[in-house]
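Structure, as structure tokens:
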Amino acid sequence: MSYLLYLRSFVSVYRHSSISRAASTLSLTQPAVSRHVKLLEAHLGATLFTRLPRGLAPTPAAVELERQAGPHLDALEGMLHARGEGGALAGVAHVGATSGFIALLLPALAGLHRRGLRVDLRAMPPPALLSALAERVIDVAVTPARIPHKGVEYQLLHECPQRLVCAPQWSGRLPKSAAPRGLPLIDLQGPAAPLAPYWKQVYARDPDAPALVLPDYQAALDATRAGAGLAVAPECLCRDALQAGQLVAAPQARRPPSFALYAARPKGPLSERARYCLERLAEAATRW
């Protein structure tokens, strides 16, 4: 039996949380991928996935199997790809991101060295990212600002709601539906500061003046965890802290503003390195 093939299908299902997306990535049929997983489960004597209303959830056995097998499969595929493609991925990929989103991208870019690909990851404000892309100083960028430019193309990478969050110590003072009053607020510097748009859409009023203004979302979330006040942040950046109980989300009286992240690239032909980075980022974004 070709257990390597079954493991390859399993790892793809694990990383996509979906049989259909895994099948598309592997250029296999859905029944074939499903059969591979079932045969692997039979061989191991363990259930690897449970069905959810949307997608699949890995069992503890699946988490451990991916931890042990995933890096080795990646290394094997990287070696074969490098030999078969003449080392097309070998070299440096220059990736840019808006400050505050670096930590979100790191899991997608980790392990690329196994394919001979090194990453130069730079943090820049959106206008600087745009210039660097147009001048081909960087190959790929992730940004919340879709600034039109004739030399740059965008694709939607991720969309999620904004959340108003605070440290647990403030949770007892959060009203059920009205705007929080008398609590310190944290906002961001620049034209895309999220506090006022959130307050107007959710509470239909202007917010109080912020007690603290910080340069990016990550700094705002660090300050929020430290108990400095309430901050608005994209759900993709605060979900882990909410699940861990480090932050608490305020009740929302109305639908909150949506937040979008885009993958940006120079128009024209892309190098194999840039194309591969884009694919990795798009795959990772399905789990944000």
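Letters for chains follow the order of the structure tokens (A, B, ...), residue numbers begin at 1 for each chain, and ligand numbers begin at 1 in the order shown.
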Show me, as CSV, the residues of stretch 95-128 of chain A having an atom within 10 Å of stretch 262-268 of chain A, each with the closest atom pair and its distance in Å, using only C-alpha atoms.
```
residue,atom,partner,partner_atom,distance
A:Val95,CA,A:Arg265,CA,9.7
A:Gly96,CA,A:Ala264,CA,9.3
A:Ala97,CA,A:Ala263,CA,9.3
```
Within 12 Å of stretch 274-278 of chain A: each stretch 124-236 of chain A residue with its shortest pair, only C-alpha atoms, as CSV:
```
residue,atom,partner,partner_atom,distance
A:Leu133,CA,A:Ala274,CA,11.8
A:Arg136,CA,A:Ala274,CA,11.2
A:Ile138,CA,A:Ala274,CA,9.2
A:Asp139,CA,A:Ala274,CA,5.7
A:Val140,CA,A:Ala274,CA,6.4
A:Ala141,CA,A:Leu278,CA,9.0
A:Val142,CA,A:Leu278,CA,9.6
A:Tyr154,CA,A:Leu278,CA,11.3
A:Gln155,CA,A:Leu278,CA,10.1
A:Leu156,CA,A:Leu278,CA,11.6
A:Leu157,CA,A:Leu278,CA,9.6
```
(request) Please give the complete set of residues from stretch 62-151 of chain A that DSSP, run on the backbone, assigns to alpha helix (DSSP H), formatted as JSON, numbers by chain. (result) {"A": [62, 63, 64, 65, 66, 67, 68, 69, 70, 71, 72, 73, 74, 75, 76, 77, 78, 79, 80, 81, 82, 83, 84, 102, 103, 104, 105, 106, 107, 108, 109, 126, 127, 128, 129, 130, 131, 132, 133, 134]}
(request) Would you mind listing what lies within 7 Å of stretch 229-245 of chain A as a ChimeraX atom specification, with only C-alpha atoms counted and same-chain residues fewer than 2 positions away left out? (result) /A:160-166,183-187,194-195,217,220,224,227,247-248,259,288
Produce a file of the selected residues containing N, CA and C atoms, as a PDB file, in the first residue's frame.
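Written out: result-v3.pdb:
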```pdb
ATOM      1  N   CYS A 160     -12.905  39.600   7.608  1.00  0.00           N
ATOM      2  CA  CYS A 160     -13.444  39.225   8.921  1.00  0.00           C
ATOM      3  C   CYS A 160     -14.030  40.474   9.582  1.00  0.00           C
ATOM      4  N   PRO A 161     -14.824  40.312  10.643  1.00  0.00           N
ATOM      5  CA  PRO A 161     -15.376  41.483  11.341  1.00  0.00           C
ATOM      6  C   PRO A 161     -14.352  42.129  12.261  1.00  0.00           C
ATOM      7  N   GLN A 162     -14.554  43.408  12.546  1.00  0.00           N
ATOM      8  CA  GLN A 162     -13.792  44.085  13.584  1.00  0.00           C
ATOM      9  C   GLN A 162     -14.427  43.753  14.934  1.00  0.00           C
ATOM     10  N   ARG A 163     -13.622  43.660  15.981  1.00  0.00           N
ATOM     11  CA  ARG A 163     -14.128  43.371  17.327  1.00  0.00           C
ATOM     12  C   ARG A 163     -13.620  44.444  18.287  1.00  0.00           C
ATOM     13  N   LEU A 164     -14.468  44.802  19.242  1.00  0.00           N
ATOM     14  CA  LEU A 164     -14.061  45.689  20.335  1.00  0.00           C
ATOM     15  C   LEU A 164     -13.666  44.796  21.499  1.00  0.00           C
ATOM     16  N   VAL A 165     -12.404  44.880  21.918  1.00  0.00           N
ATOM     17  CA  VAL A 165     -11.893  43.937  22.920  1.00  0.00           C
ATOM     18  C   VAL A 165     -11.259  44.689  24.087  1.00  0.00           C
ATOM     19  N   CYS A 166     -11.192  43.988  25.223  1.00  0.00           N
ATOM     20  CA  CYS A 166     -10.564  44.549  26.414  1.00  0.00           C
ATOM     21  C   CYS A 166     -10.010  43.418  27.263  1.00  0.00           C
ATOM     22  N   LEU A 183     -14.650  54.494  29.986  1.00  0.00           N
ATOM     23  CA  LEU A 183     -13.543  53.537  29.918  1.00  0.00           C
ATOM     24  C   LEU A 183     -12.482  54.063  28.949  1.00  0.00           C
ATOM     25  N   PRO A 184     -11.203  53.850  29.236  1.00  0.00           N
ATOM     26  CA  PRO A 184     -10.154  54.347  28.339  1.00  0.00           C
ATOM     27  C   PRO A 184     -10.189  53.616  26.995  1.00  0.00           C
ATOM     28  N   LEU A 185     -10.070  54.378  25.920  1.00  0.00           N
ATOM     29  CA  LEU A 185     -10.108  53.818  24.570  1.00  0.00           C
ATOM     30  C   LEU A 185      -8.721  53.909  23.933  1.00  0.00           C
ATOM     31  N   ILE A 186      -8.431  52.948  23.076  1.00  0.00           N
ATOM     32  CA  ILE A 186      -7.155  52.882  22.360  1.00  0.00           C
ATOM     33  C   ILE A 186      -7.448  52.963  20.872  1.00  0.00           C
ATOM     34  N   ASP A 187      -6.708  53.812  20.162  1.00  0.00           N
ATOM     35  CA  ASP A 187      -6.912  53.959  18.718  1.00  0.00           C
ATOM     36  C   ASP A 187      -5.560  53.848  18.007  1.00  0.00           C
ATOM     37  N   PRO A 194      -9.400  52.800  13.368  1.00  0.00           N
ATOM     38  CA  PRO A 194     -10.660  52.052  13.347  1.00  0.00           C
ATOM     39  C   PRO A 194     -11.697  52.471  14.383  1.00  0.00           C
ATOM     40  N   LEU A 195     -11.318  53.259  15.387  1.00  0.00           N
ATOM     41  CA  LEU A 195     -12.226  53.511  16.506  1.00  0.00           C
ATOM     42  C   LEU A 195     -13.499  54.242  16.066  1.00  0.00           C
ATOM     43  N   TYR A 217      -1.979  47.680  14.924  1.00  0.00           N
ATOM     44  CA  TYR A 217      -2.899  46.797  15.646  1.00  0.00           C
ATOM     45  C   TYR A 217      -2.185  45.949  16.695  1.00  0.00           C
ATOM     46  N   ALA A 220      -1.649  47.927  19.709  1.00  0.00           N
ATOM     47  CA  ALA A 220      -2.933  48.167  20.384  1.00  0.00           C
ATOM     48  C   ALA A 220      -3.383  46.937  21.166  1.00  0.00           C
ATOM     49  N   THR A 224      -3.921  46.466  25.112  1.00  0.00           N
ATOM     50  CA  THR A 224      -5.207  45.998  25.611  1.00  0.00           C
ATOM     51  C   THR A 224      -5.026  44.838  26.579  1.00  0.00           C
ATOM     52  N   GLY A 227      -4.181  45.808  29.961  1.00  0.00           N
ATOM     53  CA  GLY A 227      -5.209  46.491  30.736  1.00  0.00           C
ATOM     54  C   GLY A 227      -5.282  47.979  30.512  1.00  0.00           C
ATOM     55  N   LEU A 247      -8.334  38.140  26.367  1.00  0.00           N
ATOM     56  CA  LEU A 247      -9.145  39.293  25.998  1.00  0.00           C
ATOM     57  C   LEU A 247     -10.621  38.892  26.054  1.00  0.00           C
ATOM     58  N   VAL A 248     -11.469  39.903  26.167  1.00  0.00           N
ATOM     59  CA  VAL A 248     -12.921  39.721  26.177  1.00  0.00           C
ATOM     60  C   VAL A 248     -13.504  40.633  25.103  1.00  0.00           C
ATOM     61  N   PHE A 259     -13.389  43.961   7.950  1.00  0.00           N
ATOM     62  CA  PHE A 259     -11.976  44.243   7.737  1.00  0.00           C
ATOM     63  C   PHE A 259     -11.458  43.302   6.645  1.00  0.00           C
ATOM     64  N   TRP A 288      -7.191  31.831   8.965  1.00  0.00           N
ATOM     65  CA  TRP A 288      -7.195  33.051   9.776  1.00  0.00           C
ATOM     66  C   TRP A 288      -8.605  33.307  10.256  1.00  0.00           C
TER      67      TRP A 288
END
```
(request) Using DSSP on the backbone coordinates, identify the residues of stretch 59-192 of chain A assigned to strand (DSSP E); present them as a PyMOL selection string. (result) chain A and resi 91-97+117-123+140-143+152-166+185-188
File dump, residues just selected, N, CA, C and O atoms, as a CSV table (one decimal), in the first residue's frame:
```
chain,number,residue,atom,x,y,z
A,91,GLY,N,16.6,30.8,-3.8
A,91,GLY,CA,16.9,32.2,-3.8
A,91,GLY,C,16.1,32.9,-2.7
A,91,GLY,O,15.7,32.3,-1.7
A,92,VAL,N,15.9,34.2,-2.9
A,92,VAL,CA,15.2,35.1,-1.9
A,92,VAL,C,13.9,35.6,-2.4
A,92,VAL,O,13.9,36.1,-3.5
A,93,ALA,N,12.9,35.5,-1.6
A,93,ALA,CA,11.6,36.1,-1.9
A,93,ALA,C,11.4,37.3,-1.0
A,93,ALA,O,11.6,37.2,0.2
A,94,HIS,N,11.2,38.5,-1.6
A,94,HIS,CA,11.0,39.7,-0.9
A,94,HIS,C,9.5,40.0,-0.6
A,94,HIS,O,8.8,40.2,-1.5
A,95,VAL,N,9.1,39.9,0.7
A,95,VAL,CA,7.7,40.0,1.0
A,95,VAL,C,7.5,41.2,1.9
A,95,VAL,O,8.4,41.4,2.8
A,96,GLY,N,6.5,41.9,1.7
A,96,GLY,CA,6.2,43.1,2.5
A,96,GLY,C,4.9,42.9,3.2
A,96,GLY,O,4.0,42.2,2.7
A,97,ALA,N,4.7,43.6,4.3
A,97,ALA,CA,3.4,43.6,5.1
A,97,ALA,C,3.3,44.9,5.8
A,97,ALA,O,4.2,45.5,6.2
A,117,LEU,N,14.2,28.2,-0.4
A,117,LEU,CA,13.6,29.6,-0.5
A,117,LEU,C,13.8,30.3,0.8
A,117,LEU,O,13.3,29.9,1.8
A,118,ARG,N,14.5,31.4,0.7
A,118,ARG,CA,14.7,32.3,1.9
A,118,ARG,C,13.8,33.5,1.7
A,118,ARG,O,13.5,33.9,0.6
A,119,VAL,N,13.3,34.0,2.8
A,119,VAL,CA,12.4,35.1,2.8
A,119,VAL,C,12.9,36.4,3.5
A,119,VAL,O,13.4,36.3,4.6
A,120,ASP,N,12.8,37.5,2.8
A,120,ASP,CA,13.2,38.8,3.4
A,120,ASP,C,11.8,39.5,3.6
A,120,ASP,O,11.2,40.0,2.7
A,121,LEU,N,11.4,39.5,4.9
A,121,LEU,CA,10.1,40.1,5.3
A,121,LEU,C,10.2,41.4,5.8
A,121,LEU,O,10.9,41.6,6.8
A,122,ARG,N,9.6,42.4,5.2
A,122,ARG,CA,9.7,43.8,5.6
A,122,ARG,C,8.4,44.4,6.0
A,122,ARG,O,7.3,44.1,5.4
A,123,ALA,N,8.4,45.2,7.1
A,123,ALA,CA,7.2,45.9,7.5
A,123,ALA,C,7.2,47.4,7.0
A,123,ALA,O,8.2,48.1,7.2
A,140,VAL,N,5.9,40.4,-3.2
A,140,VAL,CA,4.5,40.2,-2.8
A,140,VAL,C,4.3,41.0,-1.5
A,140,VAL,O,5.2,41.2,-0.7
A,141,ALA,N,3.1,41.5,-1.3
A,141,ALA,CA,2.8,42.3,-0.1
A,141,ALA,C,1.4,41.9,0.4
A,141,ALA,O,0.5,41.5,-0.3
A,142,VAL,N,1.2,42.0,1.8
A,142,VAL,CA,-0.1,41.8,2.4
A,142,VAL,C,-0.4,43.1,3.1
A,142,VAL,O,0.3,43.7,3.9
A,143,THR,N,-1.6,43.7,2.7
A,143,THR,CA,-2.0,45.0,3.1
A,143,THR,C,-3.5,45.1,3.3
A,143,THR,O,-4.2,44.5,2.5
A,152,VAL,N,0.1,47.6,-10.1
A,152,VAL,CA,-0.1,46.7,-9.0
A,152,VAL,C,-1.4,46.0,-9.1
A,152,VAL,O,-2.4,46.6,-9.4
A,153,GLU,N,-1.5,44.7,-8.8
A,153,GLU,CA,-2.7,43.9,-8.8
A,153,GLU,C,-3.0,43.5,-7.4
A,153,GLU,O,-2.1,43.2,-6.6
A,154,TYR,N,-4.3,43.4,-7.1
A,154,TYR,CA,-4.7,42.9,-5.7
A,154,TYR,C,-5.6,41.7,-5.8
A,154,TYR,O,-6.3,41.6,-6.8
A,155,GLN,N,-5.6,40.9,-4.8
A,155,GLN,CA,-6.6,39.8,-4.7
A,155,GLN,C,-7.0,39.8,-3.2
A,155,GLN,O,-6.1,39.9,-2.3
A,156,LEU,N,-8.3,39.6,-2.9
A,156,LEU,CA,-8.8,39.5,-1.6
A,156,LEU,C,-8.2,38.3,-0.9
A,156,LEU,O,-8.4,37.2,-1.4
A,157,LEU,N,-7.5,38.4,0.2
A,157,LEU,CA,-6.9,37.3,0.9
A,157,LEU,C,-7.8,36.8,2.1
A,157,LEU,O,-7.9,35.6,2.3
A,158,HIS,N,-8.3,37.8,2.8
A,158,HIS,CA,-9.1,37.4,4.0
A,158,HIS,C,-10.1,38.6,4.3
A,158,HIS,O,-9.7,39.7,4.2
A,159,GLU,N,-11.2,38.2,4.9
A,159,GLU,CA,-12.2,39.2,5.3
A,159,GLU,C,-12.8,38.7,6.7
A,159,GLU,O,-13.1,37.5,6.8
A,160,CYS,N,-12.9,39.6,7.6
A,160,CYS,CA,-13.4,39.2,8.9
A,160,CYS,C,-14.0,40.5,9.6
A,160,CYS,O,-13.8,41.6,9.2
A,161,PRO,N,-14.8,40.3,10.6
A,161,PRO,CA,-15.4,41.5,11.3
A,161,PRO,C,-14.4,42.1,12.3
A,161,PRO,O,-13.4,41.5,12.7
A,162,GLN,N,-14.6,43.4,12.5
A,162,GLN,CA,-13.8,44.1,13.6
A,162,GLN,C,-14.4,43.8,14.9
A,162,GLN,O,-15.6,43.6,15.0
A,163,ARG,N,-13.6,43.7,16.0
A,163,ARG,CA,-14.1,43.4,17.3
A,163,ARG,C,-13.6,44.4,18.3
A,163,ARG,O,-12.5,44.9,18.2
A,164,LEU,N,-14.5,44.8,19.2
A,164,LEU,CA,-14.1,45.7,20.3
A,164,LEU,C,-13.7,44.8,21.5
A,164,LEU,O,-14.5,44.0,22.0
A,165,VAL,N,-12.4,44.9,21.9
A,165,VAL,CA,-11.9,43.9,22.9
A,165,VAL,C,-11.3,44.7,24.1
A,165,VAL,O,-10.8,45.9,24.0
A,166,CYS,N,-11.2,44.0,25.2
A,166,CYS,CA,-10.6,44.5,26.4
A,166,CYS,C,-10.0,43.4,27.3
A,166,CYS,O,-10.3,42.2,27.0
A,185,LEU,N,-10.1,54.4,25.9
A,185,LEU,CA,-10.1,53.8,24.6
A,185,LEU,C,-8.7,53.9,23.9
A,185,LEU,O,-8.0,54.8,24.2
A,186,ILE,N,-8.4,52.9,23.1
A,186,ILE,CA,-7.2,52.9,22.4
A,186,ILE,C,-7.4,53.0,20.9
A,186,ILE,O,-8.3,52.3,20.4
A,187,ASP,N,-6.7,53.8,20.2
A,187,ASP,CA,-6.9,54.0,18.7
A,187,ASP,C,-5.6,53.8,18.0
A,187,ASP,O,-4.5,53.8,18.7
A,188,LEU,N,-5.6,53.8,16.7
A,188,LEU,CA,-4.4,53.8,15.9
A,188,LEU,C,-4.1,55.1,15.2
A,188,LEU,O,-5.0,55.9,15.0
```
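Coordinates place atom CA of A:Ala250 at a distance of 11.0 Å from atom CA of A:Val202.
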(message) Quick one: residues within 10 Å of A:Leu65, only C-alpha atoms, excluding same-chain residues fewer than 3 positions away - as a list in words?
(response)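 The contact residues come out as Leu7, Phe10, Val11, Tyr14, Leu48, Thr59, Pro60, Ala61, Ala62, Gln68, Ala69 and Gly70 of chain A.
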(request) Measuring atom to atom with only C-alpha atoms, identify which of A:Ala285, A:Ala253, A:Val13, A:Ala22 is nearest to A:Pro180. (result)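 Between A:Ala285, A:Ala253, A:Val13, A:Ala22, the residue approaching A:Pro180 most closely is A:Ala253.
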(request) Might you pull out every residue within 10 Å of A:Gly190, with only C-alpha atoms counted and same-chain residues fewer than 6 positions away left off, and present them as a ChimeraX atom specification? (result) /A:125,213-216
(request) Measuring atom to atom with only C-alpha atoms, identify which of A:Val37, A:Ala145, A:Gln30, A:Leu44 is nearest to A:Tyr6. (result) A:Val37
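Of the residues listed (A:Leu212, A:Tyr203, A:Pro107, A:Glu64), A:Tyr203 shows the shortest atom-to-atom separation from A:Arg255; distances use only C-alpha atoms.
Shortest atom-to-atom contact with A:Ala57 among A:Arg15, A:Ser177, A:Leu104, A:Thr29: A:Arg15, counting only C-alpha atoms.
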(request) Have a look at A:Pro168, A:Pro175, A:Pro71, A:Pro191 and name the one nearest to A:Pro126; count only C-alpha atoms. (result)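 The answer is A:Pro191, which sits nearest to A:Pro126.
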(request) To one decimal in Å, tell me the separation between atom CA of A:His149 and atom CA of A:Ala260. (result) 18.1 Å
(message) What does the structure give for the distance between atom CA of A:Gly151 and atom CA of A:Ala132, in Å to one decimal?
(response) 10.7 Å
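Minimum distance to A:Arg54 across A:His16, A:Arg205, A:Arg254, A:His36 (counting only C-alpha atoms) occurs at A:His16.
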